[in-house]
Amino acid sequence: MATAPQTIGYSLVDSPVGLLAWILEKFFEWSDTVDSPFGTISRDRFLDKVTLYWLTATGASAARIYFESHQSLDPDLRVTVPAALTTYPHDIEKHPRPWAEERFRHIVRWRAPEAGGHFPALEMPGEFVRDLREGLVAVLAASGRIL
């Protein structure tokens with residue numbers, strides 16, 4: 001996906017079984033599970049996601065964002081506005097705090113939970129929403145805005 005998204009993109013819109021297999025493999029690899037992503041994400045929720053990609057034919061465009069974001073990332077970009085960051089241990093991208101501090105110059109909240117993968121909103125929705133809210137409160141407080 002990060003190097004040649006169109007190659008996989010054609011198969012993702014050509015075969016529902018291919019799409020299912022591709023997405024299942026990503027959920028298996030990128031989720032915080034041992035044997036199966038269905039330990040944290042229900043089969044119905046997974047099938048909902050696959051069906052959404054299939055009916056809208058957006059498998060290719062969903063894959064393409066990985067290519068485009070990797071190609072356009074400016075290594076010299078520095079973010080100076082307040083930021084709340086959470087890095088999950090089983091995400092595909094690893095963000096040690098010293099690396100994050102190189103780019104994000106005003107981290108007002110940092111979290112590194114013991115669980116979670118690339119899909120925290122699906123894997124642990126309650127914790128994800130709580131984290132999102134607390135992060136937003138921290139950013140608004142640092143910005144001098146009141147909720």
# chains A, B, ... in the order shown; residues from 1 in each chain; ligands from 1
>>> residues_around(residues="segment 13-30 of chain A", least_positions_apart="2", cutoff="8 Å", atoms="only C-alpha atoms", output="PyMOL selection string")
chain A and resi 9-11+32-33+35-37+50+54+57-60+90-92+117-119
>>> select_by_dssp(residues="chain A", states="alpha helix (DSSP H)", output="number ranges by chain")
A: 5-12, 16-30, 43-56, 59-72, 97-103, 120-123, 125-142
>>> closest_residue(among="A:Glu134, A:Glu102, A:Glu127, A:Asp76", to="Glu114 of chain A", atoms="only C-alpha atoms")
A:Glu127
>>> select_by_dssp(residues="chain A", states="strand (DSSP E or B)", output="JSON, numbers by chain")
{"A": [79, 83, 84, 85, 86, 90, 104, 107, 108, 109, 110, 111, 117]}
>>> write_last_selection(atoms="all heavy atoms", output="short mmCIF file (atom, residue, chain, number, x, y, z; two decimals), in the first residue's frame")
data_model
loop_
_atom_site.label_atom_id
_atom_site.label_comp_id
_atom_site.auth_asym_id
_atom_site.auth_seq_id
_atom_site.Cartn_x
_atom_site.Cartn_y
_atom_site.Cartn_z
N VAL A 79 5.47 21.01 14.34
CA VAL A 79 4.13 21.38 14.78
C VAL A 79 4.29 22.12 16.11
O VAL A 79 4.80 21.56 17.08
CB VAL A 79 3.23 20.14 14.95
CG1 VAL A 79 1.85 20.52 15.44
CG2 VAL A 79 3.15 19.36 13.63
N ALA A 83 -0.45 19.76 21.33
CA ALA A 83 -0.80 18.45 20.77
C ALA A 83 -0.97 17.43 21.89
O ALA A 83 -0.23 17.44 22.88
CB ALA A 83 0.29 17.98 19.81
N ALA A 84 -1.95 16.58 21.72
CA ALA A 84 -2.16 15.44 22.62
C ALA A 84 -1.93 14.18 21.79
O ALA A 84 -2.59 13.99 20.77
CB ALA A 84 -3.58 15.46 23.18
N LEU A 85 -0.99 13.36 22.20
CA LEU A 85 -0.62 12.19 21.41
C LEU A 85 -0.80 10.91 22.22
O LEU A 85 -0.47 10.86 23.40
CB LEU A 85 0.83 12.29 20.96
CG LEU A 85 1.22 13.55 20.18
CD1 LEU A 85 2.71 13.57 19.92
CD2 LEU A 85 0.45 13.62 18.88
N THR A 86 -1.29 9.90 21.54
CA THR A 86 -1.39 8.56 22.11
C THR A 86 -0.72 7.61 21.14
O THR A 86 -1.01 7.63 19.94
CB THR A 86 -2.85 8.15 22.34
OG1 THR A 86 -3.46 9.08 23.24
CG2 THR A 86 -2.94 6.75 22.93
N HIS A 90 0.69 -1.79 19.62
CA HIS A 90 0.61 -2.69 18.47
C HIS A 90 0.20 -1.98 17.19
O HIS A 90 -0.29 -2.60 16.25
CB HIS A 90 -0.34 -3.86 18.78
CG HIS A 90 0.16 -4.70 19.92
ND1 HIS A 90 1.15 -5.64 19.77
CD2 HIS A 90 -0.13 -4.69 21.23
CE1 HIS A 90 1.41 -6.20 20.93
NE2 HIS A 90 0.65 -5.63 21.84
N PHE A 104 6.62 17.47 17.21
CA PHE A 104 5.58 18.17 17.97
C PHE A 104 6.25 18.91 19.13
O PHE A 104 6.66 18.30 20.11
CB PHE A 104 4.54 17.18 18.49
CG PHE A 104 3.79 16.48 17.39
CD1 PHE A 104 4.24 15.27 16.89
CD2 PHE A 104 2.66 17.06 16.84
CE1 PHE A 104 3.57 14.62 15.87
CE2 PHE A 104 1.98 16.42 15.81
CZ PHE A 104 2.44 15.20 15.32
N ILE A 107 3.87 19.25 23.28
CA ILE A 107 3.04 18.11 23.67
C ILE A 107 2.48 18.39 25.06
O ILE A 107 3.22 18.51 26.03
CB ILE A 107 3.85 16.79 23.67
CG1 ILE A 107 4.36 16.50 22.26
CG2 ILE A 107 3.00 15.63 24.20
CD1 ILE A 107 5.30 15.30 22.15
N VAL A 108 1.15 18.51 25.13
CA VAL A 108 0.50 18.81 26.40
C VAL A 108 -0.06 17.55 27.06
O VAL A 108 -0.43 17.59 28.24
CB VAL A 108 -0.62 19.87 26.23
CG1 VAL A 108 -0.02 21.19 25.77
CG2 VAL A 108 -1.69 19.39 25.27
N ARG A 109 -0.13 16.48 26.32
CA ARG A 109 -0.60 15.21 26.88
C ARG A 109 0.00 14.09 26.06
O ARG A 109 -0.10 14.07 24.84
CB ARG A 109 -2.12 15.14 26.84
CG ARG A 109 -2.67 13.88 27.49
CD ARG A 109 -4.19 14.00 27.64
NE ARG A 109 -4.74 12.86 28.32
CZ ARG A 109 -5.13 11.74 27.72
NH1 ARG A 109 -5.02 11.61 26.42
NH2 ARG A 109 -5.63 10.75 28.42
N TRP A 110 0.62 13.15 26.76
CA TRP A 110 1.24 11.99 26.11
C TRP A 110 0.71 10.73 26.77
O TRP A 110 0.71 10.63 27.99
CB TRP A 110 2.76 12.04 26.27
CG TRP A 110 3.45 10.83 25.73
CD1 TRP A 110 3.78 9.70 26.43
CD2 TRP A 110 3.87 10.60 24.40
NE1 TRP A 110 4.39 8.78 25.61
CE2 TRP A 110 4.46 9.32 24.34
CE3 TRP A 110 3.81 11.35 23.22
CZ2 TRP A 110 4.99 8.78 23.18
CZ3 TRP A 110 4.33 10.81 22.07
CH2 TRP A 110 4.92 9.55 22.05
N ARG A 111 0.23 9.80 25.97
CA ARG A 111 -0.24 8.52 26.51
C ARG A 111 0.36 7.40 25.71
O ARG A 111 0.44 7.45 24.49
CB ARG A 111 -1.76 8.42 26.42
CG ARG A 111 -2.44 9.16 27.54
CD ARG A 111 -3.84 8.69 27.84
NE ARG A 111 -3.88 7.31 28.32
CZ ARG A 111 -4.54 6.33 27.73
NH1 ARG A 111 -5.24 6.52 26.65
NH2 ARG A 111 -4.54 5.12 28.25
N GLY A 117 -4.00 -1.29 19.16
CA GLY A 117 -3.32 -1.42 17.89
C GLY A 117 -3.68 -0.27 16.97
O GLY A 117 -3.99 0.82 17.42
#
>>> atom_distance(atom1="atom CA of Leu122 of chain A", atom2="atom CA of Ala138 of chain A")
23.5 Å
>>> closest_residue(among="A:Ser31, A:Thr51, A:Thr87, A:Thr7", to="Phe67 of chain A", atoms="only C-alpha atoms")
A:Thr7
>>> atom_distance(atom1="atom CA of Arg105 of chain A", atom2="atom CA of Val137 of chain A")
18.2 Å
>>> residues_around(residues="His106 of chain A", least_positions_apart="4", cutoff="7 Å", atoms="only C-alpha atoms", output="CSV table (one decimal) with N, CA and C atoms, in the first residue's frame")
chain,number,residue,atom,x,y,z
A,80,THR,N,3.9,23.4,16.1
A,80,THR,CA,4.1,24.2,17.3
A,80,THR,C,2.8,24.4,18.1
A,81,VAL,N,1.7,24.0,17.6
A,81,VAL,CA,0.4,24.2,18.4
A,81,VAL,C,0.3,23.1,19.4
A,82,PRO,N,-0.4,23.2,20.5
A,82,PRO,CA,-0.5,22.2,21.5
A,82,PRO,C,-1.0,20.9,20.9
A,83,ALA,N,-0.4,19.8,21.3
A,83,ALA,CA,-0.8,18.4,20.8
A,83,ALA,C,-1.0,17.4,21.9
>>> residues_around(residues="Ala115 of chain A", least_positions_apart="2", cutoff="7 Å", atoms="only C-alpha atoms", output="list in words")
Asp32, Tyr88, Pro89 and Pro113 of chain A
>>> write_last_selection(atoms="all heavy atoms", output="mmCIF file, in the first residue's frame")
data_model
loop_
_atom_site.group_PDB
_atom_site.id
_atom_site.type_symbol
_atom_site.label_atom_id
_atom_site.label_comp_id
_atom_site.auth_asym_id
_atom_site.auth_seq_id
_atom_site.Cartn_x
_atom_site.Cartn_y
_atom_site.Cartn_z
ATOM 1 N N ASP A 32 -4.272 -5.456 18.325
ATOM 2 C CA ASP A 32 -3.626 -5.946 19.543
ATOM 3 C C ASP A 32 -4.275 -7.267 19.954
ATOM 4 O O ASP A 32 -5.053 -7.328 20.896
ATOM 5 C CB ASP A 32 -3.753 -4.907 20.656
ATOM 6 C CG ASP A 32 -2.989 -5.300 21.907
ATOM 7 O OD1 ASP A 32 -2.306 -6.351 21.894
ATOM 8 O OD2 ASP A 32 -3.074 -4.568 22.898
ATOM 9 N N TYR A 88 -0.099 3.620 20.497
ATOM 10 C CA TYR A 88 -0.530 2.282 20.907
ATOM 11 C C TYR A 88 0.565 1.266 20.625
ATOM 12 O O TYR A 88 1.235 1.343 19.586
ATOM 13 C CB TYR A 88 -1.825 1.914 20.180
ATOM 14 C CG TYR A 88 -2.969 2.795 20.594
ATOM 15 C CD1 TYR A 88 -3.296 3.942 19.875
ATOM 16 C CD2 TYR A 88 -3.709 2.505 21.725
ATOM 17 C CE1 TYR A 88 -4.334 4.771 20.273
ATOM 18 C CE2 TYR A 88 -4.753 3.330 22.134
ATOM 19 C CZ TYR A 88 -5.053 4.453 21.395
ATOM 20 O OH TYR A 88 -6.086 5.261 21.803
ATOM 21 N N PRO A 89 0.758 0.305 21.516
ATOM 22 C CA PRO A 89 1.888 -0.607 21.395
ATOM 23 C C PRO A 89 1.862 -1.521 20.166
ATOM 24 O O PRO A 89 2.918 -1.944 19.702
ATOM 25 C CB PRO A 89 1.826 -1.432 22.681
ATOM 26 C CG PRO A 89 0.412 -1.353 23.119
ATOM 27 C CD PRO A 89 -0.063 0.010 22.684
ATOM 28 N N PRO A 113 -0.654 3.687 26.221
ATOM 29 C CA PRO A 113 -1.369 2.625 26.930
ATOM 30 C C PRO A 113 -0.697 1.267 26.742
ATOM 31 O O PRO A 113 0.111 1.079 25.827
ATOM 32 C CB PRO A 113 -2.757 2.622 26.298
ATOM 33 C CG PRO A 113 -2.773 3.652 25.240
ATOM 34 C CD PRO A 113 -1.427 4.272 25.159
#
